[in-house]
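Okay, so here's the structure we're looking at.
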Amino acid sequence: MDSVFMNTYHRLPVTFARGEGSWLYDINGKKYLDFGSGIAVNLLGHNYPPLVRAVTEQAAKYFHVCNYYQSDTSIAFAEKLVEACAPAGMRNVFLANSGAEANEGAVKLARKYSLLKYGPGRHTIVTLKGSFHGRTITTLAATGQEKFHKDFGPFTDGFVHIPGGDIELLDKALDGLTVAGLLIEAVQGEGGIVIQNSEFISAAAKLCAERDILLMFDEIQCGLGRTGTFLALEQYKGSDGNPLKADIVTLAKGLAGGIPVGAVLAGSKTCSIFTTGDHGSTFGANPIAAAAGLVILKTVNNPEFLAEIIRKGNIITDALKQNPKVREVRGKGLIIGFDIEDSSWLMLKAGIVRADLAKNHCGLLMLSAGTNTLRLLPPYIIQDSEIDHGLEIMTELLNAG
């Protein structure tokens, strides 16, 4: 069957047939504990009953409405999403299909804002080395990892990559004459679970405000409760000590729990920049995705639920820190990365380590990030007993390595 697909993935020899909770089952009936959530997509696990009901009920009404008209479900979803992101300063939203589309929309929004206010030439977007913002030609240009650039140039121009954490370089890069926006992942997922420090984020907010450069956060992997707050940026403060506000926020991945949807949220500076015909998406604001998204927002944007994400993440990180084979643990909540003491072994095995785990009495699905990091993104509904079970399998593998 693989032969019908383009050879774009290093697929493991597992074919899934169904899922339930934190578990997936292959076509032979073998079960796998999911510590990857489809790369931060299945936030509420598999076959979550309220999600199934919402999608089924919406599908029985109508699948799709052209964006020349309005959908009651999509309006409700957009209202709840903007409400959830209001503490970060968001005022309205554009709905698309994916994270790459969301980031493309953010770039367009930032460039038009700057063009309208300052004229041509002030269009550069600054991003961080180690970042990942998508696989379109423009979002690859924004991505600060050379390995993703091979073979696909020329790219959209107007992007500069700088190291995270270096305030002096940030100051130099944020040229008020040429730069429209700064795009940051508070926690870099594909870059190896790298957390931006509070001093750097605070300095970025101050410099952007002083120079009227848009402060943009890519929360596609680290948002939606993954770090223990609805948005990861909520854990940072501005230079004045007040909660951090953004000009643009992008979301996708788990926003509808497994159905494609992306979002560009705009703050007060940017909420009226797009006008009729500036942007669009055929399937954006799809009612089925919106129905699923409403369930995600109602479930996740809850203080008690978010506190549980932090507690469960602490169980995993505390256990990993006790393992002598683990060199370093990084993460917040349920986005966790760890390096192995023998990094050469990891670099050789990271691509197949998930298959090795699957040879045990049950499989364990997890991810790699970069060249020397294993990444854990469990579903939020995972039980303590399932966490313990996954850690047992992981310890068995590490000891065998």
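By convention in this document, the chains of the structure tokens carry letters A, B, ... by their order, each chain's residues are numbered from 1, and ligands are numbered from 1 in the order they are shown.
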
If you run DSSP on this backbone, which residues of stretch 42-285 of chain A come out as strand (DSSP E or B), and could you give them as an MDAnalysis selection string? chainID A and resid 46 90:96 124:129 144 159:162 179:184 187:188 194:195 214:218 237 243 248:251 262:267

Closest-contact table, stretch 195-274 of chain A side, partner stretch 304-324 of chain A, 7 Å, counting only C-alpha atoms, as CSV:
residue,atom,partner,partner_atom,distance
A:Gly225,CA,A:Leu306,CA,6.3
A:Gly228,CA,A:Leu306,CA,5.0
A:Thr229,CA,A:Leu306,CA,6.2

Selection file, N, CA and C atoms, as a short mmCIF file (atom, residue, chain, number, x, y, z; two decimals), in the first residue's frame:
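Final output, saved to again09.cif:
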data_model
loop_
_atom_site.label_atom_id
_atom_site.label_comp_id
_atom_site.auth_asym_id
_atom_site.auth_seq_id
_atom_site.Cartn_x
_atom_site.Cartn_y
_atom_site.Cartn_z
N GLY A 225 -3.02 24.82 25.61
CA GLY A 225 -2.88 24.11 26.88
C GLY A 225 -1.68 23.22 27.00
N GLY A 228 0.48 24.03 29.86
CA GLY A 228 -0.20 24.23 31.14
C GLY A 228 -0.93 25.55 31.24
N THR A 229 -0.78 26.43 30.26
CA THR A 229 -1.63 27.61 30.09
C THR A 229 -2.23 27.54 28.71
#

So that I can see what lies close to A:Ala204, please list as a list in words the residues with an atom at most 8 Å from it, counting only C-alpha atoms and leaving out residues fewer than 4 positions away in the same chain.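 Contacts, in chain order: Ile167, Leu170, Phe200, Cys208 and Leu215 of chain A.
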
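Pairwise distance (atom CA of A:Leu95, atom CA of A:Ala246) equals 18.1 Å.
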
Which residues are close to A:Ala256, i.e. within 6 Å by only C-alpha atoms, leaving aside same-chain residues fewer than 4 positions away? Reply as an MDAnalysis selection string. chainID A and resid 289 292:293

Any chance you can output those residues with all heavy atoms as a PDB file, in the first residue's frame?
ATOM      1  N   ALA A 289     -15.095  21.180  11.441  1.00  0.00           N
ATOM      2  CA  ALA A 289     -13.927  21.537  12.239  1.00  0.00           C
ATOM      3  C   ALA A 289     -14.324  22.475  13.368  1.00  0.00           C
ATOM      4  O   ALA A 289     -13.816  22.367  14.500  1.00  0.00           O
ATOM      5  CB  ALA A 289     -12.871  22.195  11.351  1.00  0.00           C
ATOM      6  N   ALA A 292     -15.940  20.559  16.239  1.00  0.00           N
ATOM      7  CA  ALA A 292     -14.913  19.883  17.038  1.00  0.00           C
ATOM      8  C   ALA A 292     -14.129  20.895  17.866  1.00  0.00           C
ATOM      9  O   ALA A 292     -13.807  20.650  19.033  1.00  0.00           O
ATOM     10  CB  ALA A 292     -13.981  19.097  16.131  1.00  0.00           C
ATOM     11  N   GLY A 293     -13.816  22.043  17.270  1.00  0.00           N
ATOM     12  CA  GLY A 293     -13.062  23.073  17.976  1.00  0.00           C
ATOM     13  C   GLY A 293     -13.780  23.588  19.203  1.00  0.00           C
ATOM     14  O   GLY A 293     -13.154  23.901  20.225  1.00  0.00           O
TER      15      GLY A 293
END

Using only C-alpha atoms, can you tell me which of A:Pro287, A:Gly262, A:Gly19, A:Gly254 comes closest to A:Tyr32? A:Gly19

Please run DSSP on the backbone and report, as number ranges by chain, all residues within stretch 186-365 of chain A that come out as alpha helix (DSSP H). A: 198-211, 287-300, 303-321, 343-349, 353-357

Which residue gives the smallest distance to A:Phe94 among A:Tyr380, A:Phe5, A:Phe274, A:Tyr118, with only C-alpha atoms counted?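 Nearest candidate to A:Phe94 out of A:Tyr380, A:Phe5, A:Phe274, A:Tyr118: A:Phe274.
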
Quick one: which stretch 11-49 of chain A residues come within 12 Å of stretch 386-395 of chain A, and what is the nearest atom pair for each with the distance in Å to one decimal, counting only C-alpha atoms, rows ordered by chain and ascending number, as a tab-separated table?
residue	atom	partner	partner_atom	distance
A:Gly21	CA	A:Glu386	CA	10.4
A:Ser22	CA	A:Glu386	CA	7.9
A:Trp23	CA	A:Glu386	CA	9.4
A:Tyr32	CA	A:Gly390	CA	9.7
A:Leu33	CA	A:Gly390	CA	6.9
A:Asp34	CA	A:Gly390	CA	8.7
A:Phe35	CA	A:Gly390	CA	7.9
A:Gly36	CA	A:Gly390	CA	11.6

Dump all heavy atoms for the selected residues as an mmCIF file, in the first residue's frame?
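result.cif, written as the output of this step:
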data_model
loop_
_atom_site.group_PDB
_atom_site.id
_atom_site.type_symbol
_atom_site.label_atom_id
_atom_site.label_comp_id
_atom_site.auth_asym_id
_atom_site.auth_seq_id
_atom_site.Cartn_x
_atom_site.Cartn_y
_atom_site.Cartn_z
ATOM 1 N N GLY A 21 -9.150 6.504 23.645
ATOM 2 C CA GLY A 21 -8.420 7.162 24.728
ATOM 3 C C GLY A 21 -6.976 7.427 24.345
ATOM 4 O O GLY A 21 -6.689 8.040 23.320
ATOM 5 N N SER A 22 -6.045 6.941 25.155
ATOM 6 C CA SER A 22 -4.614 7.123 24.906
ATOM 7 C C SER A 22 -4.014 5.988 24.088
ATOM 8 O O SER A 22 -2.794 5.902 23.956
ATOM 9 C CB SER A 22 -3.862 7.220 26.241
ATOM 10 O OG SER A 22 -4.344 8.286 27.021
ATOM 11 N N TRP A 23 -4.857 5.132 23.509
ATOM 12 C CA TRP A 23 -4.386 3.923 22.840
ATOM 13 C C TRP A 23 -4.775 3.896 21.371
ATOM 14 O O TRP A 23 -5.849 4.366 20.980
ATOM 15 C CB TRP A 23 -4.962 2.684 23.525
ATOM 16 C CG TRP A 23 -4.525 2.541 24.946
ATOM 17 C CD1 TRP A 23 -5.127 3.088 26.050
ATOM 18 C CD2 TRP A 23 -3.383 1.845 25.428
ATOM 19 N NE1 TRP A 23 -4.429 2.763 27.189
ATOM 20 C CE2 TRP A 23 -3.353 2.002 26.840
ATOM 21 C CE3 TRP A 23 -2.381 1.100 24.808
ATOM 22 C CZ2 TRP A 23 -2.358 1.431 27.622
ATOM 23 C CZ3 TRP A 23 -1.388 0.522 25.592
ATOM 24 C CH2 TRP A 23 -1.385 0.696 26.985
ATOM 25 N N TYR A 32 -1.057 0.109 21.211
ATOM 26 C CA TYR A 32 0.075 1.032 21.314
ATOM 27 C C TYR A 32 -0.342 2.222 22.178
ATOM 28 O O TYR A 32 -1.368 2.865 21.907
ATOM 29 C CB TYR A 32 0.473 1.549 19.928
ATOM 30 C CG TYR A 32 0.927 0.475 18.965
ATOM 31 C CD1 TYR A 32 -0.003 -0.362 18.350
ATOM 32 C CD2 TYR A 32 2.270 0.312 18.671
ATOM 33 C CE1 TYR A 32 0.409 -1.345 17.471
ATOM 34 C CE2 TYR A 32 2.693 -0.669 17.780
ATOM 35 C CZ TYR A 32 1.751 -1.492 17.189
ATOM 36 O OH TYR A 32 2.160 -2.471 16.304
ATOM 37 N N LEU A 33 0.452 2.515 23.174
ATOM 38 C CA LEU A 33 0.226 3.679 24.016
ATOM 39 C C LEU A 33 0.774 4.910 23.293
ATOM 40 O O LEU A 33 1.938 4.937 22.894
ATOM 41 C CB LEU A 33 0.912 3.492 25.371
ATOM 42 C CG LEU A 33 0.686 4.563 26.418
ATOM 43 C CD1 LEU A 33 -0.791 4.787 26.693
ATOM 44 C CD2 LEU A 33 1.401 4.168 27.718
ATOM 45 N N ASP A 34 -0.067 5.912 23.124
ATOM 46 C CA ASP A 34 0.262 7.055 22.273
ATOM 47 C C ASP A 34 0.848 8.194 23.104
ATOM 48 O O ASP A 34 0.126 8.917 23.789
ATOM 49 C CB ASP A 34 -0.995 7.518 21.541
ATOM 50 C CG ASP A 34 -0.700 8.573 20.484
ATOM 51 O OD1 ASP A 34 0.467 8.973 20.358
ATOM 52 O OD2 ASP A 34 -1.649 8.971 19.781
ATOM 53 N N PHE A 35 2.171 8.371 23.016
ATOM 54 C CA PHE A 35 2.853 9.485 23.674
ATOM 55 C C PHE A 35 3.194 10.590 22.668
ATOM 56 O O PHE A 35 4.021 11.449 22.938
ATOM 57 C CB PHE A 35 4.148 8.991 24.340
ATOM 58 C CG PHE A 35 3.993 8.614 25.792
ATOM 59 C CD1 PHE A 35 2.845 8.001 26.258
ATOM 60 C CD2 PHE A 35 5.017 8.863 26.698
ATOM 61 C CE1 PHE A 35 2.712 7.643 27.588
ATOM 62 C CE2 PHE A 35 4.893 8.516 28.042
ATOM 63 C CZ PHE A 35 3.736 7.904 28.483
ATOM 64 N N GLY A 36 2.536 10.561 21.492
ATOM 65 C CA GLY A 36 2.823 11.561 20.471
ATOM 66 C C GLY A 36 1.620 12.375 20.030
ATOM 67 O O GLY A 36 1.764 13.453 19.476
#

Quick one: pull the distance between atom CA of A:Pro163 and atom CA of A:Lys129, Å, one decimal.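 Separating atom CA of A:Pro163 from atom CA of A:Lys129 is a distance of 5.1 Å.
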
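Atom CA of A:Ala110 is found 10.1 Å from atom CA of A:Leu183.
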
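Of the listed residues (A:Ile162, A:Ile381, A:Leu367, A:Leu294), A:Leu294 comes nearest to A:Leu51; the distances count only C-alpha atoms.
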